[in-house]
Each structure stands twice: as C-alpha cells, then as structure tokens.
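A.B. asks: Sending over data23.pdb (PDB, N, CA and C atoms).
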ATOM      1  N   MET A   1    -130.380-166.340  78.615
ATOM      2  CA  MET A   1    -129.954-165.607  77.454
ATOM      3  C   MET A   1    -128.564-166.105  77.052
ATOM      4  N   LYS A   2    -128.391-166.416  75.780
ATOM      5  CA  LYS A   2    -127.077-166.794  75.263
ATOM      6  C   LYS A   2    -126.403-165.538  74.712
ATOM      7  N   VAL A   3    -125.144-165.315  75.116
ATOM      8  CA  VAL A   3    -124.406-164.114  74.727
ATOM      9  C   VAL A   3    -123.126-164.523  74.001
ATOM     10  N   THR A   4    -122.886-163.897  72.847
ATOM     11  CA  THR A   4    -121.699-164.157  72.045
ATOM     12  C   THR A   4    -120.930-162.862  71.852
ATOM     13  N   THR A   5    -119.615-162.876  72.100
ATOM     14  CA  THR A   5    -118.793-161.688  71.895
ATOM     15  C   THR A   5    -118.620-161.427  70.407
ATOM     16  N   LEU A   6    -118.936-160.204  69.964
ATOM     17  CA  LEU A   6    -118.730-159.807  68.577
ATOM     18  C   LEU A   6    -117.395-159.107  68.392
ATOM     19  N   ALA A   7    -117.041-158.235  69.348
ATOM     20  CA  ALA A   7    -115.779-157.493  69.261
ATOM     21  C   ALA A   7    -115.440-156.940  70.629
ATOM     22  N   SER A   8    -114.132-156.835  70.885
ATOM     23  CA  SER A   8    -113.647-156.288  72.146
ATOM     24  C   SER A   8    -112.343-155.555  71.875
ATOM     25  N   THR A   9    -111.952-154.700  72.818
ATOM     26  CA  THR A   9    -110.701-153.965  72.646
ATOM     27  C   THR A   9    -109.546-154.609  73.395
ATOM     28  N   CYS A  10    -109.825-155.704  74.129
ATOM     29  CA  CYS A  10    -108.744-156.403  74.830
ATOM     30  C   CYS A  10    -109.202-157.801  75.233
ATOM     31  N   ASP A  11    -108.315-158.544  75.883
ATOM     32  CA  ASP A  11    -108.622-159.911  76.296
ATOM     33  C   ASP A  11    -109.194-160.004  77.705
ATOM     34  N   LYS A  12    -109.250-158.893  78.426
ATOM     35  CA  LYS A  12    -109.785-158.883  79.789
ATOM     36  C   LYS A  12    -111.290-158.651  79.748
ATOM     37  N   ASN A  13    -111.942-158.735  80.889
ATOM     38  CA  ASN A  13    -113.383-158.499  80.968
ATOM     39  C   ASN A  13    -113.745-157.071  81.331
ATOM     40  N   ASP A  14    -112.759-156.164  81.374
ATOM     41  CA  ASP A  14    -113.039-154.797  81.810
ATOM     42  C   ASP A  14    -112.839-153.779  80.696
ATOM     43  N   CYS A  15    -113.007-154.194  79.449
ATOM     44  CA  CYS A  15    -112.806-153.311  78.303
ATOM     45  C   CYS A  15    -114.106-153.167  77.516
ATOM     46  N   PRO A  16    -114.231-152.101  76.729
ATOM     47  CA  PRO A  16    -115.408-151.975  75.878
ATOM     48  C   PRO A  16    -115.574-153.221  75.008
ATOM     49  N   THR A  17    -116.782-153.760  74.990
ATOM     50  CA  THR A  17    -117.080-154.979  74.250
ATOM     51  C   THR A  17    -118.498-154.899  73.707
ATOM     52  N   ILE A  18    -118.718-155.515  72.543
ATOM     53  CA  ILE A  18    -120.055-155.610  71.961
ATOM     54  C   ILE A  18    -120.410-157.092  71.880
ATOM     55  N   TYR A  19    -121.619-157.419  72.388
ATOM     56  CA  TYR A  19    -122.109-158.789  72.414
ATOM     57  C   TYR A  19    -123.398-158.885  71.603
ATOM     58  N   GLU A  20    -123.649-160.064  71.048
ATOM     59  CA  GLU A  20    -124.911-160.362  70.384
ATOM     60  C   GLU A  20    -125.635-161.403  71.239
ATOM     61  N   THR A  21    -126.947-161.274  71.356
ATOM     62  CA  THR A  21    -127.711-162.236  72.154
ATOM     63  C   THR A  21    -128.579-163.105  71.251
ATOM     64  N   ASP A  22    -129.070-164.191  71.817
ATOM     65  CA  ASP A  22    -129.986-165.048  71.081
ATOM     66  C   ASP A  22    -131.399-164.473  71.043
ATOM     67  N   ARG A  23    -131.566-163.288  71.588
ATOM     68  CA  ARG A  23    -132.853-162.578  71.553
ATOM     69  C   ARG A  23    -132.930-161.617  70.372
ATOM     70  N   GLY A  24    -131.863-161.572  69.563
ATOM     71  CA  GLY A  24    -131.817-160.631  68.453
ATOM     72  C   GLY A  24    -131.480-159.225  68.902
ATOM     73  N   THR A  25    -130.747-159.117  70.017
ATOM     74  CA  THR A  25    -130.357-157.817  70.550
ATOM     75  C   THR A  25    -128.839-157.739  70.702
ATOM     76  N   ILE A  26    -128.365-156.547  71.002
ATOM     77  CA  ILE A  26    -126.944-156.277  71.211
ATOM     78  C   ILE A  26    -126.756-155.783  72.642
ATOM     79  N   LEU A  27    -125.736-156.277  73.323
ATOM     80  CA  LEU A  27    -125.337-155.760  74.637
ATOM     81  C   LEU A  27    -124.034-155.002  74.440
ATOM     82  N   VAL A  28    -123.892-153.880  75.123
ATOM     83  CA  VAL A  28    -122.694-153.060  75.000
ATOM     84  C   VAL A  28    -122.084-152.851  76.377
ATOM     85  N   GLN A  29    -120.806-153.149  76.494
ATOM     86  CA  GLN A  29    -120.058-152.917  77.732
ATOM     87  C   GLN A  29    -119.098-151.767  77.477
ATOM     88  N   GLY A  30    -119.106-150.773  78.353
ATOM     89  CA  GLY A  30    -118.205-149.640  78.188
ATOM     90  C   GLY A  30    -118.275-148.705  79.379
ATOM     91  N   GLU A  31    -117.615-147.589  79.245
ATOM     92  CA  GLU A  31    -117.594-146.575  80.302
ATOM     93  C   GLU A  31    -118.968-145.917  80.430
ATOM     94  N   THR A  32    -119.341-145.548  81.632
ATOM     95  CA  THR A  32    -120.567-144.797  81.865
ATOM     96  C   THR A  32    -120.196-143.325  82.004
ATOM     97  N   PRO A  33    -120.481-142.508  80.976
ATOM     98  CA  PRO A  33    -120.101-141.103  81.036
ATOM     99  C   PRO A  33    -121.001-140.334  82.001
ATOM    100  N   SER A  34    -120.444-139.307  82.613
ATOM    101  CA  SER A  34    -121.236-138.494  83.535
ATOM    102  C   SER A  34    -121.343-137.041  83.070
ATOM    103  N   ASP A  35    -120.621-136.684  82.023
ATOM    104  CA  ASP A  35    -120.582-135.295  81.578
ATOM    105  C   ASP A  35    -121.371-135.056  80.291
ATOM    106  N   HIS A  36    -122.416-135.855  80.039
ATOM    107  CA  HIS A  36    -123.150-135.777  78.783
ATOM    108  C   HIS A  36    -124.201-134.681  78.757
ATOM    109  N   GLY A  37    -124.700-134.240  79.888
ATOM    110  CA  GLY A  37    -125.691-133.173  79.940
ATOM    111  C   GLY A  37    -127.085-133.590  79.485
ATOM    112  N   LEU A  38    -127.341-134.883  79.358
ATOM    113  CA  LEU A  38    -128.639-135.384  78.924
ATOM    114  C   LEU A  38    -129.487-135.807  80.107
ATOM    115  N   THR A  39    -130.782-135.816  79.922
ATOM    116  CA  THR A  39    -131.701-136.335  80.931
ATOM    117  C   THR A  39    -132.090-137.747  80.510
ATOM    118  N   ILE A  40    -131.663-138.716  81.298
ATOM    119  CA  ILE A  40    -131.891-140.121  80.983
ATOM    120  C   ILE A  40    -132.855-140.709  82.015
ATOM    121  N   PRO A  41    -133.900-141.406  81.581
ATOM    122  CA  PRO A  41    -134.829-142.022  82.540
ATOM    123  C   PRO A  41    -134.091-142.981  83.477
ATOM    124  N   ALA A  42    -134.611-143.139  84.672
ATOM    125  CA  ALA A  42    -133.962-143.971  85.696
ATOM    126  C   ALA A  42    -133.776-145.414  85.249
ATOM    127  N   HIS A  43    -134.627-145.924  84.372
ATOM    128  CA  HIS A  43    -134.542-147.320  83.936
ATOM    129  C   HIS A  43    -133.605-147.504  82.726
ATOM    130  N   GLU A  44    -132.966-146.443  82.263
ATOM    131  CA  GLU A  44    -132.035-146.506  81.143
ATOM    132  C   GLU A  44    -130.674-145.974  81.558
ATOM    133  N   SER A  45    -129.665-146.214  80.722
ATOM    134  CA  SER A  45    -128.335-145.665  80.986
ATOM    135  C   SER A  45    -127.629-145.428  79.663
ATOM    136  N   LEU A  46    -126.556-144.695  79.716
ATOM    137  CA  LEU A  46    -125.702-144.465  78.558
ATOM    138  C   LEU A  46    -124.405-145.228  78.762
ATOM    139  N   VAL A  47    -123.857-145.759  77.668
ATOM    140  CA  VAL A  47    -122.566-146.422  77.699
ATOM    141  C   VAL A  47    -121.752-145.859  76.548
ATOM    142  N   GLU A  48    -120.524-145.468  76.827
ATOM    143  CA  GLU A  48    -119.659-144.902  75.807
ATOM    144  C   GLU A  48    -118.636-145.941  75.364
ATOM    145  N   ILE A  49    -118.579-146.183  74.061
ATOM    146  CA  ILE A  49    -117.608-147.120  73.512
ATOM    147  C   ILE A  49    -116.905-146.474  72.323
ATOM    148  N   PRO A  50    -115.691-146.901  71.998
ATOM    149  CA  PRO A  50    -114.958-146.334  70.871
ATOM    150  C   PRO A  50    -115.637-146.653  69.531
ATOM    151  N   LEU A  51    -115.654-145.690  68.623
ATOM    152  CA  LEU A  51    -116.227-145.892  67.299
ATOM    153  C   LEU A  51    -115.517-147.026  66.556
ATOM    154  N   ASP A  52    -114.220-147.161  66.760
ATOM    155  CA  ASP A  52    -113.482-148.253  66.122
ATOM    156  C   ASP A  52    -114.025-149.623  66.527
ATOM    157  N   LEU A  53    -114.547-149.734  67.741
ATOM    158  CA  LEU A  53    -115.130-150.998  68.192
ATOM    159  C   LEU A  53    -116.412-151.302  67.419
ATOM    160  N   ILE A  54    -117.210-150.280  67.137
ATOM    161  CA  ILE A  54    -118.417-150.462  66.315
ATOM    162  C   ILE A  54    -118.021-150.979  64.939
ATOM    163  N   ARG A  55    -117.007-150.361  64.341
ATOM    164  CA  ARG A  55    -116.543-150.798  63.025
ATOM    165  C   ARG A  55    -116.022-152.232  63.065
ATOM    166  N   LYS A  56    -115.288-152.559  64.129
ATOM    167  CA  LYS A  56    -114.741-153.909  64.267
ATOM    168  C   LYS A  56    -115.857-154.945  64.405
ATOM    169  N   ALA A  57    -116.898-154.595  65.130
ATOM    170  CA  ALA A  57    -118.006-155.524  65.373
ATOM    171  C   ALA A  57    -118.913-155.691  64.166
ATOM    172  N   PHE A  58    -119.175-154.602  63.444
ATOM    173  CA  PHE A  58    -120.190-154.638  62.401
ATOM    174  C   PHE A  58    -119.667-154.405  60.989
ATOM    175  N   GLY A  59    -118.534-153.734  60.852
ATOM    176  CA  GLY A  59    -117.878-153.516  59.557
ATOM    177  C   GLY A  59    -118.823-153.315  58.398
ATOM    178  N   ASP A  60    -118.789-154.237  57.447
ATOM    179  CA  ASP A  60    -119.550-154.127  56.216
ATOM    180  C   ASP A  60    -121.069-154.166  56.439
ATOM    181  N   ARG A  61    -121.504-154.739  57.549
ATOM    182  CA  ARG A  61    -122.939-154.807  57.801
ATOM    183  C   ARG A  61    -123.544-153.433  57.991
ATOM    184  N   LEU A  62    -122.701-152.416  58.326
ATOM    185  CA  LEU A  62    -123.172-151.051  58.503
ATOM    186  C   LEU A  62    -122.741-150.152  57.343
ATOM    187  N   GLY A  63    -122.104-150.727  56.364
ATOM    188  CA  GLY A  63    -121.622-149.923  55.248
ATOM    189  C   GLY A  63    -120.369-149.142  55.588
ATOM    190  N   ALA A  64    -119.651-149.561  56.634
ATOM    191  CA  ALA A  64    -118.439-148.863  57.066
ATOM    192  C   ALA A  64    -117.260-149.230  56.188
TER
END
Write the structure described by the file as structure tokens, please.

C.D. replies:
Amino acid sequence: MKVTTLASTCDKNDCPTIYETDRGTILVQGETPSDHGLTIPAHESLVEIPLDLIRKAFGDRLGA
C-alpha cells in the first residue's frame, strides 16, 4: 500500500495525521478515546482527531 500524508499537526510521527492511500482510502492517526460510551465491534476502533486537521486535509473538497 502506498501512503501519502495529506495533513498533520506537527513534524513528528506521534501527532494526529490524515493519510491518503493508493487504494482510494484514508488512514487516520490520532488518540484512541476511551470515554465515548459506544459499543464498537472488536475488529473496529475509534480514532479522535482535531476538526481543524480535517479542514486542513480536505478544505474546499468538503465545502469547508
């Protein structure tokens, strides 16, 4: 899989980041929240990222 960084909040590898893949998908790196109160299947997870990062990554493509 080829991965390209779309947006990040810093220059390190431990910050929220949005990646685009050559599979036509998006990968999201961020904090794993534990206080969400949702039931998530074992094969899935939640990742929390700042809304500003979404805007930085997608901007006009989302009508932001």

A.B. asks: For atom N of Ile40 (chain A) and CA of Asp52 (chain A), quote the distance in Å rounded to one decimal.

C.D. replies: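 Between these atoms lies a distance of 25.5 Å.
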
A.B. asks: Quick one: residues within 8 Å of Ile54 (chain A), all atoms listed in the file, excluding same-chain residues fewer than 4 positions away - as a PyMOL selection string?

C.D. replies: chain A and resi 7+18+49-50+58-59

A.B. asks: Can those selected residues be exported to a file as an mmCIF file, in the coordinates of the input so that it contains N, CA and C atoms?

C.D. replies:
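This went into out18.cif:
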data_model
loop_
_atom_site.group_PDB
_atom_site.id
_atom_site.type_symbol
_atom_site.label_atom_id
_atom_site.label_comp_id
_atom_site.auth_asym_id
_atom_site.auth_seq_id
_atom_site.Cartn_x
_atom_site.Cartn_y
_atom_site.Cartn_z
ATOM 1 N N ALA A 7 -117.041 -158.235 69.348
ATOM 2 C CA ALA A 7 -115.779 -157.493 69.261
ATOM 3 C C ALA A 7 -115.440 -156.940 70.629
ATOM 4 N N ILE A 18 -118.718 -155.515 72.543
ATOM 5 C CA ILE A 18 -120.055 -155.610 71.961
ATOM 6 C C ILE A 18 -120.410 -157.092 71.880
ATOM 7 N N ILE A 49 -118.579 -146.183 74.061
ATOM 8 C CA ILE A 49 -117.608 -147.120 73.512
ATOM 9 C C ILE A 49 -116.905 -146.474 72.323
ATOM 10 N N PRO A 50 -115.691 -146.901 71.998
ATOM 11 C CA PRO A 50 -114.958 -146.334 70.871
ATOM 12 C C PRO A 50 -115.637 -146.653 69.531
ATOM 13 N N PHE A 58 -119.175 -154.602 63.444
ATOM 14 C CA PHE A 58 -120.190 -154.638 62.401
ATOM 15 C C PHE A 58 -119.667 -154.405 60.989
ATOM 16 N N GLY A 59 -118.534 -153.734 60.852
ATOM 17 C CA GLY A 59 -117.878 -153.516 59.557
ATOM 18 C C GLY A 59 -118.823 -153.315 58.398
#

A.B. asks: May I ask which of the residues A:Asp14, A:Asp35, A:Glu44, A:Glu20 is the closest one to Met1 (chain A), counting only C-alpha atoms?

C.D. replies: A:Glu20

A.B. asks: Counting all atoms listed in the file, select every polymer residue within 6.5 Å of (-121.5, -144.8, 75.5) as defined in the file's coordinates, and provide the selection as a list in words.

C.D. replies: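 Residues found, by chain and rising number: Gly30, Glu31, Thr32, Pro33, Leu46, Val47, Glu48 and Ile49 of chain A.
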
A.B. asks: Output N, CA and C atoms for every residue in the selection just made, as a PDB file, in the coordinates of the input.

C.D. replies:
ATOM      1  N   GLY A  30    -119.106-150.773  78.353  1.00  0.00           N
ATOM      2  CA  GLY A  30    -118.205-149.640  78.188  1.00  0.00           C
ATOM      3  C   GLY A  30    -118.275-148.705  79.379  1.00  0.00           C
ATOM      4  N   GLU A  31    -117.615-147.589  79.245  1.00  0.00           N
ATOM      5  CA  GLU A  31    -117.594-146.575  80.302  1.00  0.00           C
ATOM      6  C   GLU A  31    -118.968-145.917  80.430  1.00  0.00           C
ATOM      7  N   THR A  32    -119.341-145.548  81.632  1.00  0.00           N
ATOM      8  CA  THR A  32    -120.567-144.797  81.865  1.00  0.00           C
ATOM      9  C   THR A  32    -120.196-143.325  82.004  1.00  0.00           C
ATOM     10  N   PRO A  33    -120.481-142.508  80.976  1.00  0.00           N
ATOM     11  CA  PRO A  33    -120.101-141.103  81.036  1.00  0.00           C
ATOM     12  C   PRO A  33    -121.001-140.334  82.001  1.00  0.00           C
ATOM     13  N   LEU A  46    -126.556-144.695  79.716  1.00  0.00           N
ATOM     14  CA  LEU A  46    -125.702-144.465  78.558  1.00  0.00           C
ATOM     15  C   LEU A  46    -124.405-145.228  78.762  1.00  0.00           C
ATOM     16  N   VAL A  47    -123.857-145.759  77.668  1.00  0.00           N
ATOM     17  CA  VAL A  47    -122.566-146.422  77.699  1.00  0.00           C
ATOM     18  C   VAL A  47    -121.752-145.859  76.548  1.00  0.00           C
ATOM     19  N   GLU A  48    -120.524-145.468  76.827  1.00  0.00           N
ATOM     20  CA  GLU A  48    -119.659-144.902  75.807  1.00  0.00           C
ATOM     21  C   GLU A  48    -118.636-145.941  75.364  1.00  0.00           C
ATOM     22  N   ILE A  49    -118.579-146.183  74.061  1.00  0.00           N
ATOM     23  CA  ILE A  49    -117.608-147.120  73.512  1.00  0.00           C
ATOM     24  C   ILE A  49    -116.905-146.474  72.323  1.00  0.00           C
TER      25      ILE A  49
END

A.B. asks: Could you please determine the separation between CA of Arg55 (chain A) and CA of Thr4 (chain A) in Å, to one decimal place?

C.D. replies: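 CA of Thr4 (chain A) lies 16.9 Å from CA of Arg55 (chain A).
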
A.B. asks: Go ahead and compute the interatomic distance for CA of Thr5 (chain A) and atom C of Arg23 (chain A), in Å to one decimal.

C.D. replies: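 So the two atoms, CA of Thr5 (chain A) and atom C of Arg23 (chain A), lie 14.2 Å apart.
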
A.B. asks: Write down as an MDAnalysis selection string the residues of chain A whose backbone DSSP state falls under alpha helix (DSSP H).

C.D. replies: chainID A and resid 51:58
